[in-house]
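Here is the structure we will look at, set down as structure tokens.
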Amino acid sequence: MTGEPAGKFARAIEISTVLAGHRVGFCGYDESGEAQEVKVTLSDAGMVVVPIDDRLIAHVELVCDAVVIKLLNASPEMLRAAVLSRVPTLVIGPSEPMLGGASSAYSWAWDFMTDARSKAELLLRIFRLLQVARGSHSADGPSARKEPLVLLADDDPDLTILVEATLRNDGIASRIANNGLDTLRLVRELLPDLVVLDVRMPGMDGFAVLRTIRIDPSLQTMPVILLTGCDDPDDVALGAKLKASDYLRKPVSPGGLLVRVRRSLTANATRSTRWVRVSPGNQHALAGGSQRRWIQEAVSPEMAGTTL
Amino acid sequence: MIRQLVTTLGLRFSPAVAAEQVPEPAGFESVFAIDENPDSLGAIGRALDQDTYQLQTVPSAEAAKRKLGSFRPDIIFVAPDLLAADGTRIGRWLLAEESLIRTPVIALKPIRSSGAAEADGYDPYDGSIARPIEAEAVCERLDALRTPVQRKSAGKRPIDPLVARFGFDPEHQADLFLAAIEEGLPDSQYSGTVLSGLKQLAAAPGAERMNLSGCAEFAERFAMAATARARLRFRSMIRICRGIVNGDFPSESGMADLRTKYLARRFAELATLEAAFERGDYQAIGDTGHNLKGSGAAYGFAELTDIGRGLETAAKGCDADAVDNLLYHAQVYLSMAQSVFAEDFLAARAEAGVGSSERRGGLKATR
């Protein structure tokens with residue numbers, strides 16, 4: 001793939017769909033030989049052209065959460081930016097001897113791998129980089145929240161408004177995404193306790209979103225309730241194959257959805273935290289006057305799997 | 001079970017079903033035909049020569065509107081797509097005219113397309129006659145109108161009068177009663193038991209909450225009207241009543257406001273849908289129908305979900321007739337729903353202190 005433009009590179013490895021929602025820059029080399037700019041193909045926003053000037057590093061940090069550099073294609077300026085920036089970088093080289101391990105000239109890279117590795121391996125490495133990049137966001141994660149957070153992904157605002165109000169009345173916070181890419185972005189930013197995901201959405205449908213979530217090692221155990229207005233029985237099968245936690249057909253009553261949401265939140269014992277709804281009998285033990293309360297319990301891995 | 005309950009209450013149990021009152025349609029005397037095609041008018045005239053009808057014809061929508069200002073025919077034949085000066089189609093105008101709700105309207109149309117099954121139940125016309133019009137078809141249609149609805153749909157069970165008592169466990173009883181009506185449609189609409197039961201339901205203590213009494217009165221108004229429009233309205237209102245009794249309309253904090261806004265948005269959307277229909281944009285109609293299907297019943301409006309499903313299917317098949325019928329019914333249904341859940345009523349309800357825990361219609365036992 002020597003000399004291929006960055007966009008082609010990204011397309012060639014066919015991972016842009018899987019990475020949609022991430023800000024991964026694929027950096028290539030302008031073959032004109034008189035490069036005054038670096039082309040960065042972002043997995044969620046097409047190609048961004050970053051000028052080679054004093055602001056190159058700042059630009060790279062601004063537009064990318066992680067950078068993949070194919071060594072033979074990379075311009076010296078891009079390499080310099082990667083070295084100096086704080087953006088986690090994966091370097092792909094032609095052979096192990098050239099990369100030479102951590103003591104080599106490319107020890108600045110966060111990770112490196114050879115061309116010969118599989119696509120799945122590449123994805124895993126990229127997700128690992130993104131996990132590193134996300135480290136600073138951990139304060140927004142589940143452990144910092146006082147109430148469970150549900151991400152509602154549906155392009156129909158009439159439905160999301162209603163469900164949001166229903167959940168709020170039950171003491172459950174929610175955020176709304178109205179397309180597939182927004183959903184992926186918010187899933188990664190917020191790490192919600194549950195995603196209620198519409199299948200039919202513009203751009204990227206719910207199945208593609210779910211598939212991406214299940215591939216991402218840091219998200220693959222996240223509970224997802226699929227919500228769909230489609231009557232195709234194959235959808236149910238596909239949902240099950242993608243390990244959806246639950247499957248609801250539209251129209252769904254707010255009360256019915258609330259029951260499923262509660263069930264998913266309380267049954268989700270595979271993660272490090274879980275949400276427990278306080279029953280009316282013991283709610284007086286808690287401060288405040290809310291009729292419905294959720295408390296967060298930290299559970300050890302050994303406890304994971306125990307039922308409430 | 002019911003027998004046991006009634007015995008406990010000391011009521012007299014009678015398995016006999018009250019005589020069903022069937023409205024016998026009067027013989028049609030005056031017929032009004034609206035069509036710019038003289039051949040069609042001629043065919044209708046030839047058909048009516050064989051009987052005792054008085055025929056009046058007009059060739060334009062404007063002339064029809066003027067004439068109907070002072071004249072109430074017994075039956076109307078209309079070419080529904082004739083345009084009035086303001087761009088409205090005469091068919092829609094006739095169907096929307098409340099003063100004509102009891103007058104059968106027969107559409108003169110090109111041969112109907114295959115039609116979406118979901119939309120078949122929403123035809124607001126009392127039948128249609130395919131062009132070119134033949135005298136026999138006109139006679140057949142008139143004969144069909146003379147046949148009471150009950151004779152056309154044999155096999156439906158009449159409503160047990162016992163169901164229409166709301167003294168003991170009124171919510172459950174109201175649900176049974178309304179379910180029996182819905183199951184027995186269209187026959188049940190013309191039952192004396194239903195009429196008296198609706199009167200009782202409207203007057204039942206607590207029925208004013210969520211405007212159940214208003215719904216029952218509204219349904220009662222159409223109970224004996226033998227036109228397709230009246231049947232559609234009756235069915236829709238019974239479904240709304242059932243939704244209220246079953247607590248399908250969310251009543252938690254803030255939900256009333258959401259519902260009002262939802263209905264307002266649907267009205268606005270209707271104008272968009274009509275525009276899409278005029279320009280033949282079935283993709284937009286299908287997409288909107290899909291969303292309506294998903295959201296309608298979530299807000300308690302199960303019929304909007306059905307309409308949305310019908311629109312989605314009709315749009316797939318580019319079925320103009322079906323889309324037209326569904327859009328008309330959506331307009332009618334939204335008007336009815338808005339009158340039931342009008343803001344002033346909701347405000348009055350809030351003042352009355354109807355709490356968030358009250359999910360059901362709030363009928364009170366009167367024992």
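Naming scheme: A, B, ... for chains in displayed order of the structure tokens; residues 1 onward per chain; ligands 1 onward as shown.
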
Next on the checklist: List as a PyMOL selection string the protein and nucleic acid residues near region 191-204 of chain A, meaning an atom at most 7 Å away when only C-alpha atoms are counted, but skip any in the same chain fewer than 6 places from it.
Outcome noted: chain A and resi 141-142+148-155+179-181+222-228+265

Report the closest atom pair, with its distance in Å rounded to one decimal, for each residue of chain B that has an atom no farther than 9 Å from chain A; count only C-alpha atoms, sort by chain and then rising residue number, and write it as a tab-separated table.
```
residue	atom	partner	partner_atom	distance
B:Asp248	CA	A:Ser253	CA	7.9
B:Pro250	CA	A:Pro254	CA	7.7
B:Glu252	CA	A:Asn169	CA	7.7
B:Ser253	CA	A:Asn169	CA	7.3
B:Gly254	CA	A:Ala165	CA	7.5
B:Met255	CA	A:Ala165	CA	7.7
B:Leu258	CA	A:Leu162	CA	7.2
B:Arg259	CA	A:Leu162	CA	8.8
B:Tyr262	CA	A:Asp158	CA	6.9
B:Arg265	CA	A:Asp158	CA	8.9
B:His290	CA	A:Gly229	CA	7.2
B:Asn291	CA	A:Asp156	CA	6.4
B:Lys293	CA	A:Pro251	CA	6.6
B:Gly294	CA	A:Pro251	CA	4.5
B:Ser295	CA	A:Leu159	CA	5.5
B:Gly296	CA	A:Pro251	CA	7.2
B:Ala297	CA	A:Pro251	CA	5.7
B:Ala298	CA	A:Ser253	CA	4.5
B:Tyr299	CA	A:Ser253	CA	7.5
B:Gly300	CA	A:Ser253	CA	7.8
B:Ala302	CA	A:Pro251	CA	8.6
B:Thr305	CA	A:Pro251	CA	7.3
```

Mind checking which residues fall within 12 Å of region 69-71 of chain B, counting only C-alpha atoms, ignoring those fewer than 5 positions away in the same chain, and posting them as a compact mmCIF listing (two decimals) with C-alpha atoms, in the first residue's frame?
```txt
# COMPACT_ATOMS: atom_id res chain seq x y z
CA SER B 30 -83.81 13.19 -2.90
CA VAL B 31 -80.51 12.36 -4.49
CA PHE B 32 -77.81 14.93 -5.17
CA GLN B 56 -80.68 17.03 -8.62
CA GLU B 62 -68.76 25.61 -6.10
CA ALA B 63 -72.32 24.99 -7.29
CA ALA B 64 -72.55 22.00 -4.93
CA ILE B 76 -75.06 12.24 -2.34
CA LEU B 94 -68.45 16.93 2.10
CA GLU B 97 -69.25 18.91 6.88
CA SER B 99 -74.26 18.88 9.21
CA LEU B 100 -74.10 16.11 6.58
CA THR B 103 -76.13 11.69 4.80
```

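Here CA of Leu185 (chain B) stands at a distance of 11.5 Å from CA of Arg239 (chain B).
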
Item to check | strand (DSSP E) residues, from DSSP on the backbone, in region 81-305 of chain B, as a list in words | outcome: Val105, Ile106, Ala107, Leu108, Lys109, Ser128, Ile129 and Ala130 of chain B

Item to check | Every residue of region 183-367 of chain B that DSSP places in helix (DSSP H, G or I), as an MDAnalysis selection string | outcome: chainID B and resid 183:184 187:190 192:203 209:222 228:246 255:278 282:295 297:299 302:316 320:340 343:351

Checklist entry - Excluding same-chain residues fewer than 4 positions from region 277-289 of chain B, what lies within 9 Å of it counting only C-alpha atoms, as a ChimeraX atom specification? => result /B:269,272-273,293-294,305,307-320,323-324

Can those selected residues be exported to a file as a short mmCIF file (atom, residue, chain, number, x, y, z; two decimals), in the first residue's frame so that it contains C-alpha atoms?
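out.cif was written with the following content:
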```cif
data_model
loop_
_atom_site.label_atom_id
_atom_site.label_comp_id
_atom_site.auth_asym_id
_atom_site.auth_seq_id
_atom_site.Cartn_x
_atom_site.Cartn_y
_atom_site.Cartn_z
CA GLU B 269 -47.50 17.23 10.60
CA THR B 272 -46.94 18.46 5.80
CA LEU B 273 -48.40 15.07 4.94
CA LYS B 293 -46.79 3.97 14.18
CA GLY B 294 -44.06 4.02 16.80
CA THR B 305 -50.42 3.83 15.51
CA ILE B 307 -53.13 5.04 10.97
CA GLY B 308 -49.33 5.26 10.85
CA ARG B 309 -49.07 1.57 10.00
CA GLY B 310 -51.66 2.05 7.26
CA LEU B 311 -49.81 5.06 5.85
CA GLU B 312 -46.54 3.16 5.82
CA THR B 313 -48.09 0.26 3.91
CA ALA B 314 -50.12 2.46 1.58
CA ALA B 315 -47.05 4.58 0.80
CA LYS B 316 -45.07 1.45 -0.09
CA GLY B 317 -47.73 0.55 -2.64
CA CYS B 318 -48.19 4.18 -3.79
CA ASP B 319 -51.89 3.71 -3.07
CA ALA B 320 -53.38 7.19 -3.40
CA VAL B 323 -53.42 7.47 1.74
CA ASP B 324 -56.28 9.89 1.10
#
```

Item to check | Neighbour list for Arg211 (chain A) as a list in words, cut-off 10 Å, only C-alpha atoms, skip fewer than 4 positions in-chain | outcome: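 Surrounding residues, per the criterion: Thr17, Val18, Gly206, Phe207, Ile215, Asp216, Gln220, Gly239, Lys241, Leu242, Lys243 and Ala244 of chain A.
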
Any chance you could export the current selection's C-alpha atoms as a PDB file, in the first residue's frame?
```
ATOM      1  CA  THR A  17     -17.849   1.785   9.913  1.00  0.00           C
ATOM      2  CA  VAL A  18     -16.723  -0.121  12.949  1.00  0.00           C
ATOM      3  CA  GLY A 206     -29.179   0.422  15.273  1.00  0.00           C
ATOM      4  CA  PHE A 207     -27.743  -2.933  14.258  1.00  0.00           C
ATOM      5  CA  ILE A 215     -16.675  -5.241  18.965  1.00  0.00           C
ATOM      6  CA  ASP A 216     -15.281  -2.555  21.267  1.00  0.00           C
ATOM      7  CA  GLN A 220     -19.044  -5.024  24.771  1.00  0.00           C
ATOM      8  CA  GLY A 239     -30.672  -8.649  17.639  1.00  0.00           C
ATOM      9  CA  LYS A 241     -27.029 -12.639  17.499  1.00  0.00           C
ATOM     10  CA  LEU A 242     -25.624  -9.248  18.416  1.00  0.00           C
ATOM     11  CA  LYS A 243     -26.367  -9.973  22.074  1.00  0.00           C
ATOM     12  CA  ALA A 244     -29.011  -7.348  22.629  1.00  0.00           C
TER      13      ALA A 244
END
```

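Atom pair CA of Ala275 (chain B) / CA of His329 (chain B) has a distance of 16.1 Å (rounded to one decimal).
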
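From CA of Leu178 (chain B) back to CA of Lys199 (chain B), the distance works out to 12.7 Å.
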